[in-house]
$ cat coords.cif   # mmCIF, C-alpha atoms
data_coords
#
loop_
_atom_site.label_atom_id
_atom_site.label_comp_id
_atom_site.auth_asym_id
_atom_site.auth_seq_id
_atom_site.Cartn_x
_atom_site.Cartn_y
_atom_site.Cartn_z
CA MET A 140 0.00 0.00 0.00
CA THR A 141 1.40 3.42 -1.02
CA HIS A 142 1.67 6.16 1.56
CA HIS A 143 1.03 9.82 0.56
CA PRO A 144 2.47 12.29 3.07
CA SER A 145 1.46 15.40 1.10
CA ALA A 146 -2.21 14.43 1.15
CA ASN A 147 -2.15 13.88 4.95
CA ILE A 148 -0.57 17.28 5.54
CA GLY A 149 -3.29 18.94 3.58
CA TYR A 150 -5.99 17.14 5.53
CA ASP A 151 -4.47 18.18 8.90
CA LEU A 152 -4.30 21.84 7.91
CA CYS A 153 -7.94 21.85 6.90
CA GLY A 154 -8.97 20.15 10.13
CA ARG A 155 -7.08 22.61 12.32
CA ALA A 156 -8.64 25.55 10.51
CA ARG A 157 -12.10 24.10 11.05
CA ARG A 158 -11.47 23.47 14.71
CA ARG A 159 -10.09 27.02 15.12
CA GLN A 160 -13.31 28.43 13.68
CA GLU A 161 -15.43 26.31 16.05
CA SER A 162 -13.27 27.05 19.17
CA PRO A 163 -15.30 28.04 22.25
CA THR A 164 -14.46 30.75 24.79
CA TRP A 165 -11.69 30.21 27.43
CA GLY A 166 -14.17 29.41 30.18
CA GLU A 167 -16.00 26.88 28.08
CA LEU A 168 -12.71 25.35 27.07
CA ALA A 169 -11.68 24.97 30.75
CA THR A 170 -14.95 23.29 31.58
CA SER A 171 -14.94 20.95 28.64
CA VAL A 172 -11.30 19.88 29.10
CA SER A 173 -11.15 19.35 32.91
CA GLY A 174 -14.67 18.07 33.46
CA PHE A 175 -15.77 20.55 36.15
CA SER A 176 -15.66 24.27 36.78
CA ILE A 177 -13.20 26.12 38.98
CA VAL A 178 -15.89 26.54 41.62
CA ALA A 179 -16.52 22.83 41.67
CA CYS A 180 -12.77 22.27 41.93
CA LEU A 181 -12.55 24.61 44.91
CA ILE A 182 -15.45 22.87 46.64
CA ALA A 183 -13.88 19.49 46.02
CA ASN A 184 -10.54 20.64 47.41
CA THR A 185 -12.21 22.12 50.48
CA LEU A 186 -14.05 18.88 51.06
CA ALA A 187 -10.85 16.89 50.66
CA LEU A 188 -8.94 19.10 53.06
CA SER A 189 -11.76 18.95 55.62
CA MET A 190 -11.85 15.20 55.40
CA LEU A 191 -8.09 14.92 55.74
CA SER A 192 -7.99 17.18 58.78
CA ALA A 193 -10.83 15.20 60.38
CA LEU A 194 -8.95 11.98 59.70
CA PHE A 195 -5.74 13.35 61.19
CA ALA A 196 -7.59 14.59 64.27
CA ALA A 197 -9.28 11.25 64.78
CA SER A 198 -6.19 9.18 64.11
CA ALA A 199 -3.91 11.24 66.39
CA ASP A 200 -5.65 9.87 69.47
CA LEU A 201 -5.62 6.41 68.02
CA VAL A 202 -1.91 6.58 67.23
CA ALA A 203 -1.20 7.84 70.75
CA MET A 204 -3.21 4.98 72.21
CA MET A 205 -1.43 2.48 70.00
CA HIS A 206 1.94 3.82 71.18
CA PHE A 207 0.80 3.63 74.78
CA ALA A 208 -0.53 0.11 74.41
CA GLY A 209 2.57 -1.01 72.51
CA GLU A 210 4.88 0.34 75.18
CA ARG A 211 2.82 -1.23 77.94
CA MET A 212 2.85 -4.51 76.06
CA ASP A 213 6.62 -4.35 75.78
CA GLN A 214 6.92 -3.77 79.52
CA GLY A 215 4.52 -6.62 80.19
CA ILE A 216 6.56 -8.95 77.99
CA ARG A 217 9.77 -8.10 79.84
CA LEU A 218 8.01 -8.56 83.16
CA ARG A 219 6.68 -11.92 82.11
CA GLN A 220 10.13 -12.87 80.84
CA VAL A 221 11.58 -12.32 84.32
CA ASN A 222 8.71 -14.14 86.01
CA ARG A 223 8.90 -17.14 83.70
CA TYR A 224 12.65 -17.32 84.14
CA LEU A 225 12.26 -17.23 87.93
CA ASP A 226 9.55 -19.89 87.79
CA SER A 227 11.75 -22.17 85.69
CA VAL A 228 14.87 -21.94 87.87
CA LEU A 229 13.01 -22.01 91.18
CA ALA A 230 11.18 -25.16 90.09
CA MET A 231 14.57 -26.90 89.87
CA ALA A 232 16.02 -25.46 93.09
CA HIS A 233 15.53 -28.66 95.04
CA MET A 234 16.12 -32.35 94.56
CA PRO A 235 13.52 -34.19 92.48
CA GLU A 236 10.71 -35.52 94.62
CA GLU A 237 11.67 -39.17 94.15
CA TRP A 238 15.26 -38.47 95.20
CA ARG A 239 14.44 -36.76 98.48
CA GLN A 240 15.66 -38.11 101.76
CA PRO A 241 13.04 -39.98 103.83
CA LYS A 242 12.99 -37.41 106.61
CA VAL A 243 11.94 -34.69 104.22
CA ALA A 244 9.98 -36.82 101.77
CA SER A 245 7.03 -34.62 100.92
CA PRO A 246 5.52 -33.24 97.71
CA ALA A 247 7.60 -30.10 98.09
CA PRO A 248 9.72 -28.52 100.80
CA THR A 249 7.97 -26.03 103.04
CA GLN A 250 10.85 -23.63 102.76
CA TRP A 251 13.97 -23.29 100.73
CA ARG A 252 17.00 -25.23 101.74
CA ALA A 253 20.08 -23.07 102.27
CA PRO A 254 22.40 -23.92 99.37
CA SER A 255 26.12 -24.40 99.73
CA ALA A 256 28.18 -21.23 99.62
CA PRO A 257 28.55 -19.84 96.08
CA CYS A 258 32.34 -19.73 96.28
CA SER A 259 32.76 -23.21 97.72
CA LEU A 260 33.97 -25.99 95.47
CA PRO A 261 31.11 -28.44 94.85
CA GLU A 262 33.47 -31.39 94.71
CA SER A 263 35.05 -30.39 98.02
CA LEU A 264 31.73 -30.63 99.86
CA GLY A 265 31.86 -34.41 99.76
CA ASP A 266 28.76 -36.55 100.08
CA VAL A 267 25.67 -34.48 100.76
CA GLY A 268 22.16 -35.74 101.38
CA GLU A 269 20.43 -32.83 99.67
CA TRP A 270 21.58 -30.29 97.11
CA GLY A 271 19.85 -27.22 95.78
CA GLY A 272 18.34 -24.23 97.47
CA VAL A 273 17.74 -20.51 97.35
CA SER A 274 19.25 -17.74 99.40
CA VAL A 275 20.00 -14.04 99.38
CA ILE A 276 23.69 -13.20 99.32
CA ARG A 277 25.75 -10.06 99.60
CA LEU A 278 27.53 -9.74 96.30
CA ASP A 279 30.57 -7.93 97.69
CA GLU A 280 31.18 -10.88 100.01
CA ALA A 281 31.16 -13.40 97.15
CA ARG A 282 34.73 -12.80 95.97
CA CYS A 283 34.57 -15.45 93.29
CA LEU A 284 32.00 -13.47 91.29
CA PRO A 285 33.63 -11.39 88.55
CA GLY A 286 33.05 -7.66 88.50
CA ARG A 287 32.51 -5.32 91.36
CA ALA A 288 28.90 -5.95 92.02
CA GLU A 289 27.38 -4.60 95.19
CA GLY A 290 24.12 -5.00 96.99
CA LEU A 291 22.10 -8.17 97.28
CA GLY A 292 21.79 -11.00 94.82
CA LEU A 293 19.52 -14.00 94.57
CA TYR A 294 21.59 -17.17 94.68
CA ILE A 295 19.96 -20.34 93.36
CA GLU A 296 21.42 -23.83 93.24
CA THR A 297 19.52 -25.97 90.74
CA ILE A 298 19.39 -29.70 89.99
CA TYR A 299 18.40 -31.01 86.57
CA PRO A 300 17.84 -34.78 86.34
CA CYS A 301 19.88 -36.44 83.59
CA PRO A 302 20.03 -37.62 80.90
CA ASP A 303 16.81 -35.73 79.99
CA ALA A 304 18.11 -32.30 80.95
CA CYS A 305 21.76 -32.86 80.08
CA GLU A 306 23.62 -32.14 76.91
CA ARG A 307 27.09 -32.36 75.53
CA GLY A 308 29.32 -29.92 77.33
CA ALA A 309 31.23 -29.63 80.55
CA GLY A 310 29.59 -29.24 83.92
CA TYR A 311 29.06 -30.61 87.38
CA ALA A 312 27.36 -33.98 87.69
CA LEU A 313 25.67 -35.17 90.86
CA ALA A 314 26.11 -38.89 91.38
CA PRO A 315 25.20 -41.25 94.24
CA ASP A 316 28.10 -42.02 96.51
CA ASN A 317 29.73 -45.30 95.38
CA CYS A 318 27.10 -45.36 92.63
CA THR A 319 24.75 -47.22 94.96
CA VAL A 320 21.16 -46.34 95.55
CA ALA A 321 19.25 -47.71 98.53
CA THR A 322 15.56 -47.25 99.08
CA THR A 323 13.39 -47.56 102.15
CA ASP A 324 10.20 -49.56 102.37
CA ASP A 325 8.15 -46.55 101.38
CA GLY A 326 10.31 -46.01 98.31
CA ALA A 327 12.36 -43.07 99.52
CA MET A 328 16.03 -42.98 98.55
CA THR A 329 18.70 -43.03 101.20
CA VAL A 330 21.42 -41.68 99.01
CA ARG A 331 24.22 -39.26 99.59
CA TRP A 332 25.21 -37.35 96.51
CA ARG A 333 28.61 -36.08 95.45
CA ALA A 334 29.45 -33.53 92.79
CA GLN A 335 32.08 -34.23 90.16
CA TRP A 336 33.30 -32.20 87.21
CA GLN A 337 32.84 -33.81 83.81
CA GLN A 338 33.99 -32.64 80.41
CA SER A 339 30.81 -34.01 78.90
CA LEU A 340 27.42 -34.47 80.50
CA THR A 341 26.09 -36.93 77.96
CA SER A 342 26.62 -39.79 80.43
CA LEU A 343 27.69 -40.30 84.02
CA GLU A 344 31.36 -41.19 84.31
CA GLY A 345 32.46 -43.90 86.72
CA CYS A 346 29.05 -45.43 87.36
CA PRO A 347 27.12 -48.20 85.61
CA PRO A 348 24.28 -47.29 83.25
CA GLY A 349 20.98 -46.81 84.99
CA THR A 350 22.45 -44.97 87.96
CA PRO A 351 20.41 -41.85 88.71
CA TRP A 352 22.36 -38.68 88.23
CA ALA A 353 21.81 -34.97 87.68
CA ARG A 354 23.41 -31.76 86.56
CA LEU A 355 24.25 -29.21 89.23
CA GLU A 356 24.11 -25.51 88.42
CA ARG A 357 24.64 -22.39 90.43
CA ILE A 358 23.06 -19.12 89.40
CA VAL A 359 23.34 -15.64 90.85
CA LEU A 360 20.79 -13.00 89.82
CA SER A 361 21.86 -9.46 90.45
CA HIS A 362 20.95 -5.97 89.44
CA ARG A 363 23.38 -3.49 88.00
CA SER A 364 22.83 0.18 87.42
CA THR A 365 25.48 1.95 85.41
CA GLY A 366 25.73 5.32 83.81
CA PRO A 367 24.21 8.62 84.83
CA ALA A 368 20.69 8.64 86.20
CA GLY A 369 20.38 4.91 85.85
CA SER A 370 20.71 5.00 82.09
CA SER A 371 21.56 1.33 82.03
CA ASN A 372 19.64 -0.81 84.50
CA GLN A 373 20.10 -4.48 83.93
CA LEU A 374 18.98 -7.68 85.56
CA ARG A 375 21.95 -9.99 85.15
CA GLU A 376 22.58 -13.68 85.48
CA GLN A 377 25.88 -15.32 86.35
CA ARG A 378 26.54 -19.05 86.28
CA LEU A 379 29.19 -21.28 87.73
CA ALA A 380 31.19 -22.37 84.73
CA GLY A 381 34.67 -23.45 85.72
CA GLU A 382 36.27 -26.74 86.57
CA ASN A 383 37.89 -25.39 89.71
CA GLY A 384 34.51 -24.29 91.00
CA THR A 385 35.43 -20.66 91.36
CA ARG A 386 35.08 -19.42 87.81
CA TRP A 387 31.78 -17.73 87.14
CA THR A 388 30.57 -16.37 83.85
CA PRO A 389 30.47 -12.60 83.44
CA GLY A 390 27.05 -11.10 84.03
CA GLU A 391 24.70 -11.85 81.17
CA VAL A 392 21.86 -9.39 80.75
CA LEU A 393 18.52 -11.11 81.22
CA VAL A 394 16.30 -8.06 80.94
CA SER A 395 17.21 -4.42 80.54
CA ASP A 396 15.53 -1.35 82.01
CA VAL A 397 14.87 -3.09 85.30
CA ILE A 398 14.83 -0.64 88.18
CA ALA A 399 14.06 -0.60 91.92
CA TRP A 400 15.52 -4.06 92.54
CA ARG A 401 14.85 -5.00 96.14
CA LEU A 402 15.32 -8.21 98.07
CA VAL A 403 14.13 -8.73 101.63
CA MET A 404 13.41 -11.76 103.75
CA LEU A 405 9.90 -12.47 104.94
CA SER A 406 9.59 -14.42 108.17
CA VAL A 407 6.56 -16.59 108.63
CA TYR A 408 5.85 -18.16 111.99
CA PRO A 409 4.18 -21.54 111.80
CA ASP A 410 1.78 -20.82 114.64
CA ASN A 411 0.13 -18.34 112.26
CA GLU A 412 0.13 -15.65 114.90
CA MET A 413 2.16 -13.26 112.88
CA THR A 414 3.98 -12.86 109.65
CA VAL A 415 6.70 -10.28 109.80
CA MET A 416 8.76 -8.89 107.04
CA ALA A 417 12.26 -7.99 108.13
CA GLU A 418 12.86 -4.29 107.87
CA ASN A 419 16.39 -4.78 106.71
CA PRO A 420 17.54 -7.52 104.43
CA GLN A 421 18.79 -10.36 106.58
CA VAL A 422 21.26 -12.63 104.94
CA ASP A 423 22.27 -14.42 108.08
CA LEU A 424 19.49 -16.79 108.99
CA ALA A 425 20.81 -17.10 112.53
CA TYR A 426 19.02 -13.86 113.46
CA GLU A 427 15.67 -15.58 113.33
CA PRO A 428 14.25 -17.94 115.89
CA PRO A 429 14.29 -21.49 114.60
CA SER A 430 10.51 -21.66 114.40
CA ALA A 431 10.32 -19.04 111.67
CA ALA A 432 10.38 -19.98 108.02
CA GLN A 433 12.02 -17.43 105.79
CA TYR A 434 11.20 -16.65 102.20
CA PRO A 435 12.89 -14.17 99.88
CA GLN A 436 10.65 -11.40 98.69
CA LEU A 437 11.74 -9.85 95.42
CA SER A 438 10.40 -6.63 93.99
CA PHE A 439 11.48 -4.74 90.92
CA ALA A 440 10.07 -2.45 88.28
CA VAL A 441 10.32 -2.50 84.51
CA ALA A 442 10.84 0.95 83.09
CA ALA A 443 9.50 2.13 79.77
CA ALA A 444 11.73 3.38 76.96
CA ALA A 445 13.51 6.68 77.62
CA TRP A 446 11.30 8.63 75.20
CA SER A 447 8.10 7.27 76.65
CA SER A 448 6.02 8.87 79.37
CA GLN A 449 4.65 5.50 80.42
CA PRO A 450 5.09 4.87 84.16
CA GLU A 451 7.22 1.96 85.30
CA MET A 452 5.60 -1.37 86.02
CA THR A 453 6.30 -2.63 89.53
CA VAL A 454 6.00 -6.24 90.53
CA VAL A 455 6.55 -8.06 93.79
CA ARG A 456 7.10 -11.78 94.26
CA LEU A 457 7.24 -13.91 97.32
CA LEU A 458 9.54 -16.78 96.45
CA VAL A 459 7.97 -19.78 98.12
CA PRO A 460 8.52 -23.39 97.04
CA ARG A 461 5.60 -24.54 94.93
CA GLN A 462 3.22 -26.90 96.65
CA MET B 230 -17.51 14.37 37.87
CA LEU B 231 -18.39 15.74 41.30
CA LEU B 232 -20.45 12.61 41.86
CA ASP B 233 -17.40 10.49 41.09
CA TYR B 234 -15.43 12.52 43.56
CA ALA B 235 -18.11 12.09 46.22
CA MET B 236 -18.12 8.35 45.63
CA ALA B 237 -14.35 8.19 45.96
CA THR B 238 -14.54 10.20 49.18
CA ALA B 239 -17.20 7.91 50.56
CA LEU B 240 -15.11 4.89 49.70
CA GLY B 241 -12.11 6.47 51.42
CA CYS B 242 -14.19 7.21 54.50
CA VAL B 243 -15.44 3.64 54.65
CA GLY B 244 -11.87 2.38 54.29
CA MET B 245 -10.65 4.64 57.07
CA ALA B 246 -13.54 3.61 59.28
CA GLY B 247 -12.55 -0.02 58.72
CA LEU B 248 -8.97 0.80 59.57
CA PHE B 249 -10.08 2.52 62.76
CA GLN B 250 -12.18 -0.46 63.73
CA LEU B 251 -9.26 -2.79 63.12
CA ALA B 252 -7.00 -0.58 65.22
CA GLY B 253 -9.62 -0.53 67.94
CA GLU B 254 -9.81 -4.31 67.94
CA VAL B 255 -6.03 -4.57 68.12
CA LEU B 256 -6.10 -2.22 71.10
CA THR B 257 -8.80 -4.30 72.78
CA LEU B 258 -6.79 -7.45 72.18
CA GLN B 259 -3.65 -5.84 73.60
CA ASN B 260 -5.62 -4.75 76.63
CA GLN B 261 -6.94 -8.28 77.12
CA VAL B 262 -3.45 -9.74 76.92
CA PHE B 263 -2.25 -7.20 79.46
CA GLN B 264 -5.16 -8.05 81.75
CA HIS B 265 -4.39 -11.75 81.54
CA GLY B 266 -0.77 -11.02 82.43
CA ALA B 267 -1.89 -8.93 85.39
CA ALA B 268 -4.31 -11.65 86.51
CA GLU B 269 -1.58 -14.28 86.28
CA LEU B 270 0.74 -12.19 88.38
CA VAL B 271 -1.85 -11.39 91.04
CA LEU B 272 -3.20 -14.92 91.20
CA ARG B 273 0.26 -16.38 91.72
CA GLU B 274 0.88 -14.12 94.70
CA VAL B 275 -2.60 -14.56 96.16
CA LYS B 276 -2.14 -18.31 95.97
CA THR B 277 1.17 -17.97 97.79
CA LEU B 278 -0.39 -15.76 100.46
CA ALA B 279 -3.31 -18.15 100.82
CA HIS B 280 -0.86 -20.98 101.34
CA LEU B 281 1.04 -19.03 103.99
CA THR B 282 -2.14 -18.07 105.79
CA HIS B 283 -3.36 -21.67 105.70
CA ASP B 284 -5.92 -21.18 102.93
CA ALA B 285 -7.58 -17.99 104.09
CA GLU B 286 -11.25 -17.83 103.24
CA ASN B 287 -11.49 -14.18 102.27
CA LEU B 288 -9.06 -13.89 99.37
CA SER B 289 -10.11 -10.37 98.41
CA GLY B 290 -9.15 -9.14 101.83
CA ILE B 291 -6.15 -11.36 102.26
CA CYS B 292 -3.89 -8.36 102.70
CA SER B 293 -5.92 -7.34 105.75
CA GLU B 294 -5.43 -10.71 107.40
CA PRO B 295 -4.46 -10.16 111.03
CA SER B 296 -1.74 -12.76 110.67
CA LEU B 297 0.02 -10.75 107.99
CA LYS B 298 1.88 -7.71 109.18
CA ASP B 299 4.16 -5.24 107.50
CA LEU B 300 3.12 -6.29 104.05
CA THR B 301 2.11 -2.77 103.09
CA PHE B 302 4.33 -2.47 100.04
CA TYR B 303 3.52 -5.98 98.88
CA CYS B 304 -0.21 -5.35 99.10
CA GLU B 305 0.05 -1.92 97.50
CA VAL B 306 1.70 -3.44 94.46
CA LEU B 307 -0.95 -6.15 94.23
CA ASP B 308 -3.71 -3.56 94.59
CA GLY B 309 -2.11 -1.60 91.77
CA TRP B 310 -2.32 -4.62 89.49
CA LEU B 311 -5.88 -5.37 90.56
CA MET B 312 -6.88 -1.90 89.36
CA HIS B 313 -6.34 -3.18 85.82
CA LEU B 314 -8.93 -5.88 86.43
CA PRO B 315 -12.33 -4.16 86.79
CA ASN B 316 -14.96 -5.90 88.90
CA HIS B 317 -12.50 -8.61 89.89
CA ARG B 318 -13.61 -11.42 92.13
CA PHE B 319 -11.75 -14.26 93.86
CA GLU B 320 -13.35 -17.60 94.44
CA THR B 321 -12.09 -20.81 96.01
CA LEU B 322 -13.25 -23.81 94.02
CA GLY B 323 -14.14 -27.22 95.38
CA ASP B 324 -10.75 -28.76 94.61
CA GLY B 325 -8.96 -25.99 96.48
CA SER B 326 -7.87 -24.07 93.42
CA ILE B 327 -8.47 -20.33 93.25
CA GLU B 328 -10.35 -18.59 90.47
CA LEU B 329 -9.88 -14.94 89.64
CA SER B 330 -12.48 -13.45 87.33
CA TRP B 331 -12.79 -9.92 86.00
CA GLN B 332 -14.61 -7.90 83.38
CA LEU B 333 -13.02 -7.84 79.95
CA PRO B 334 -13.01 -4.70 77.77
CA ASP B 335 -15.76 -6.16 75.59
CA GLY B 336 -18.02 -6.64 78.59
CA ALA B 337 -17.61 -10.38 78.95
CA ARG B 338 -15.98 -11.92 82.02
CA GLY B 339 -12.53 -13.46 81.83
CA SER B 340 -11.16 -15.78 84.45
CA LEU B 341 -8.02 -17.63 85.40
CA ILE B 342 -7.72 -20.65 87.69
CA THR B 343 -4.69 -21.86 89.61
CA GLY B 344 -3.54 -25.37 88.89
CA PRO B 345 -1.03 -27.71 90.47
CA GLY B 346 2.39 -26.15 91.08
CA GLY B 347 2.70 -22.79 89.44
CA ALA B 348 0.49 -23.66 86.50
CA MET B 349 -2.62 -21.69 85.65
CA HIS B 350 -5.34 -22.38 83.17
CA TYR B 351 -8.44 -20.85 81.70
CA PRO B 352 -11.82 -22.37 82.50
#

$ encode --input "coords.cif" --output "C-alpha cells"
Amino acid sequence: MTHHPSANIGYDLCGRARRRQESPTWGELATSVSGFSIVACLIANTLALSMLSALFAASADLVAMMHFAGERMDQGIRLRQVNRYLDSVLAMAHMPEEWRQPKVASPAPTQWRAPSAPCSLPESLGDVGEWGGVSVIRLDEARCLPGRAEGLGLYIETIYPCPDACERGAGYALAPDNCTVATTDDGAMTVRWRAQWQQSLTSLEGCPPGTPWARLERIVLSHRSTGPAGSSNQLREQRLAGENGTRWTPGEVLVSDVIAWRLVMLSVYPDNEMTVMAENPQVDLAYEPPSAAQYPQLSFAVAAAAWSSQPEMTVVRLLVPRQ
Amino acid sequence: MLLDYAMATALGCVGMAGLFQLAGEVLTLQNQVFQHGAAELVLREVKTLAHLTHDAENLSGICSEPSLKDLTFYCEVLDGWLMHLPNHRFETLGDGSIELSWQLPDGARGSLITGPGGAMHYP
C-alpha cells in the first residue's frame, strides 16, 4: 500500500482551521477539558482538606493509644520474661521428689534449703544428702564473682535430672556415693550425693548405666545500674562455669531497664500468729528464731523506653517453694 | 464528575472507618493480653499468700489478714495490678484451686484458675 504524506498534511491543515473556527471561549474550554468548573474544583478541594484534617484529628488519638498500648505490652513482655525465668529456675532449686531423703519426703519442701556457699567448690563438699536451694547473698562478700557488684543478689542452686536435661558440654554432675542407691520400704532414697566435674554431660562417668544422676548448676541474679541517672539498668545472670569451681561467667543481661531491685526476707511463723517482714535484708538466717520460716521477697520495676512517658511497672514476688 | 469525587470520598471514608475499627480491635486485644498477664501475676501471689495463711477464706481481703503484718508495700503493688482488672472477684473452688475473674473490655468476664504447682489455666 502506497503512503502519501502530502495528502495527509493537507488534511491536517484543513482540520485545524475548522477546529479554530469552532473554538469556544476560554471558560467553556476549561470546563470541557477538565470536566468541572473552577468553583466545583474549589469545593472538592475544600471537602478533601476537611476530610483529611478530620482523619488526622481522629487518628492522632488512636496513634497515641497504639503507642501507649505497645509500650505497655513491651513492659509486660519483659516482666513476664523475668517471672517465667524465675519460675523455671526455682522449680529446679531442690532435689527431684523421688530423690528426696526420707525425713523430708514430701511433695515439696515447706521452705527453701540453704544452698552451699557460692564460692565453695562443689566437689570439696563431699557426700551431701540434699543439694539445691535458694538464698539471698551479699555480692561484695562473694569474691569469686567477677566484676565489682554490690548489693544483694539472689543465689539459686539448681538440679536437673539427667540424661533428659543434660547435653554435651562440661559441667558438674551429681552422682550417688559409690554409685549405689538404697531405698526404704516406702520407696524413699537413702542416698548421699557427690558432685564431680565432667567434660561431657552426655553420660555419668564412673558409674554403671541406669544410675540416677543430675546436673548441678549455680546461678546468681543481680541488678546493675550503670551510667548517669540509671541509664543502664540491667537484671543480670551469672553461672558457675569453671572446673575449679570458682570461675563464674560474666554477668549476662537477662532483661534491661529493670529498676528498683529490692530483696528482703519475709519471716513466717508456723503458729500463724504473725507474719513479719524484716525491715532490713537479713542474709544471716541465725538472726531468726528457729521456728520461723524465711522466704525471699523480690520486687522490681520494669521501666518504659527513655522517650516514653509511660510509668514503670512494679511487681513483687514472694519466692515460696511450689506446693 | 463531582459525583465520582463524592463516591471516591465515601469509599475512602469507609476504608478509614474499617482501619479505625481494626486498630480498635487490636487495642482491645492488647488490653486483654495485658489483663491476663496482670491476673496471672496477682493470682500467683494470692495463691502464695493463701498458702502461707493456711488457705484464708477471704481472698479479696487477704492483705488485711491479722496474721500478715508489714506487708504494706507488697499489698500496694498487688492492689495496683488489681486496678487493671475491673470488677474482679476471687473464688475458692471445690478442689482448692483459686479462680480470679474480672470484666473484659468487651463486657464479657474473663477468668483464670490456679492449677497444680505454678500452672494456671483458663476455665

$ resolve_selection --input "coords.cif" --expression "the PyMOL selection byres ((chain A and resi 362) around 6)" --output "PyMOL selection string"
chain A and resi 361+363+373-375

$ resolve_selection --input "coords.cif" --expression "the PyMOL selection byres ((chain B and resi 305-310) around 10)" --output "PyMOL selection string"
(chain A and resi 438+452-456) or (chain B and resi 264+266-268+270-272+274-275+292+300-304+311-314)

$ closest_residue --input "coords.cif" --among "A:Asp226, A:Glu262, A:Glu451, A:Glu280" --to "chain B" --atoms "all atoms listed in the file"
A:Asp226

$ residues_around --input "coords.cif" --residues "B:Ala252" --least-positions-apart "5" --cutoff "10 Å" --atoms "only C-alpha atoms" --output "list in words"
Ser198, Leu201, Val202, Met204 and Met205 of chain A; Ala246, Gly247, Thr257 and Leu258 of chain B

$ write_last_selection --input "coords.cif" --atoms "C-alpha atoms" --output "PDB file, in the coordinates of the input"
ATOM      1  CA  SER A 198      -6.190   9.180  64.110  1.00  0.00           C
ATOM      2  CA  LEU A 201      -5.620   6.410  68.020  1.00  0.00           C
ATOM      3  CA  VAL A 202      -1.910   6.580  67.230  1.00  0.00           C
ATOM      4  CA  MET A 204      -3.210   4.980  72.210  1.00  0.00           C
ATOM      5  CA  MET A 205      -1.430   2.480  70.000  1.00  0.00           C
TER       6      MET A 205
ATOM      7  CA  ALA B 246     -13.540   3.610  59.280  1.00  0.00           C
ATOM      8  CA  GLY B 247     -12.550  -0.020  58.720  1.00  0.00           C
ATOM      9  CA  THR B 257      -8.800  -4.300  72.780  1.00  0.00           C
ATOM     10  CA  LEU B 258      -6.790  -7.450  72.180  1.00  0.00           C
TER      11      LEU B 258
END

$ resolve_selection --input "coords.cif" --expression "the PyMOL selection byres ((chain A and resi 234) around 8)" --output "compact mmCIF listing (two decimals) with C-alpha atoms, in the frame of the given file"
# COMPACT_ATOMS: atom_id res chain seq x y z
CA MET A 231 14.57 -26.90 89.87
CA ALA A 232 16.02 -25.46 93.09
CA HIS A 233 15.53 -28.66 95.04
CA PRO A 235 13.52 -34.19 92.48
CA GLU A 236 10.71 -35.52 94.62
CA TRP A 238 15.26 -38.47 95.20
CA ARG A 239 14.44 -36.76 98.48
CA GLU A 269 20.43 -32.83 99.67
CA TRP A 270 21.58 -30.29 97.11
CA GLY A 271 19.85 -27.22 95.78
CA ILE A 298 19.39 -29.70 89.99

$ closest_residue --input "coords.cif" --among "A:Glu376, A:Asp266, A:Asp316, A:Glu210" --to "A:Cys346" --atoms "all atoms listed in the file"
A:Asp316

$ closest_residue --input "coords.cif" --among "A:Ser364, A:Thr329, A:Gln250, A:Thr350" --to "chain B" --atoms "all atoms listed in the file"
A:Gln250

$ residues_near_point --input "coords.cif" --point "(23.5, -33.9, 96.0)" --cutoff "6 Å" --atoms "only C-alpha atoms" --output "ChimeraX atom specification"
/A:267-270,313,332-333

$ closest_residue --input "coords.cif" --among "B:Gly244, B:Gly290, B:Pro315, B:Gly339" --to "chain A" --atoms "only C-alpha atoms"
B:Gly244

$ atom_distance --input "coords.cif" --atom1 "atom CA of A:Thr297" --atom2 "atom CA of A:Leu355"
5.9 Å

$ closest_residue --input "coords.cif" --among "B:Leu256, B:Val243, B:Leu341, B:Met236" --to "chain A" --atoms "only C-alpha atoms"
B:Leu256

$ atom_distance --input "coords.cif" --atom1 "atom CA of A:Asp200" --atom2 "atom CA of B:Asn260"
16.3 Å

$ closest_residue --input "coords.cif" --among "B:Asn316, B:Gln332, B:Thr238, B:Thr343" --to "chain A" --atoms "only C-alpha atoms"
B:Thr238
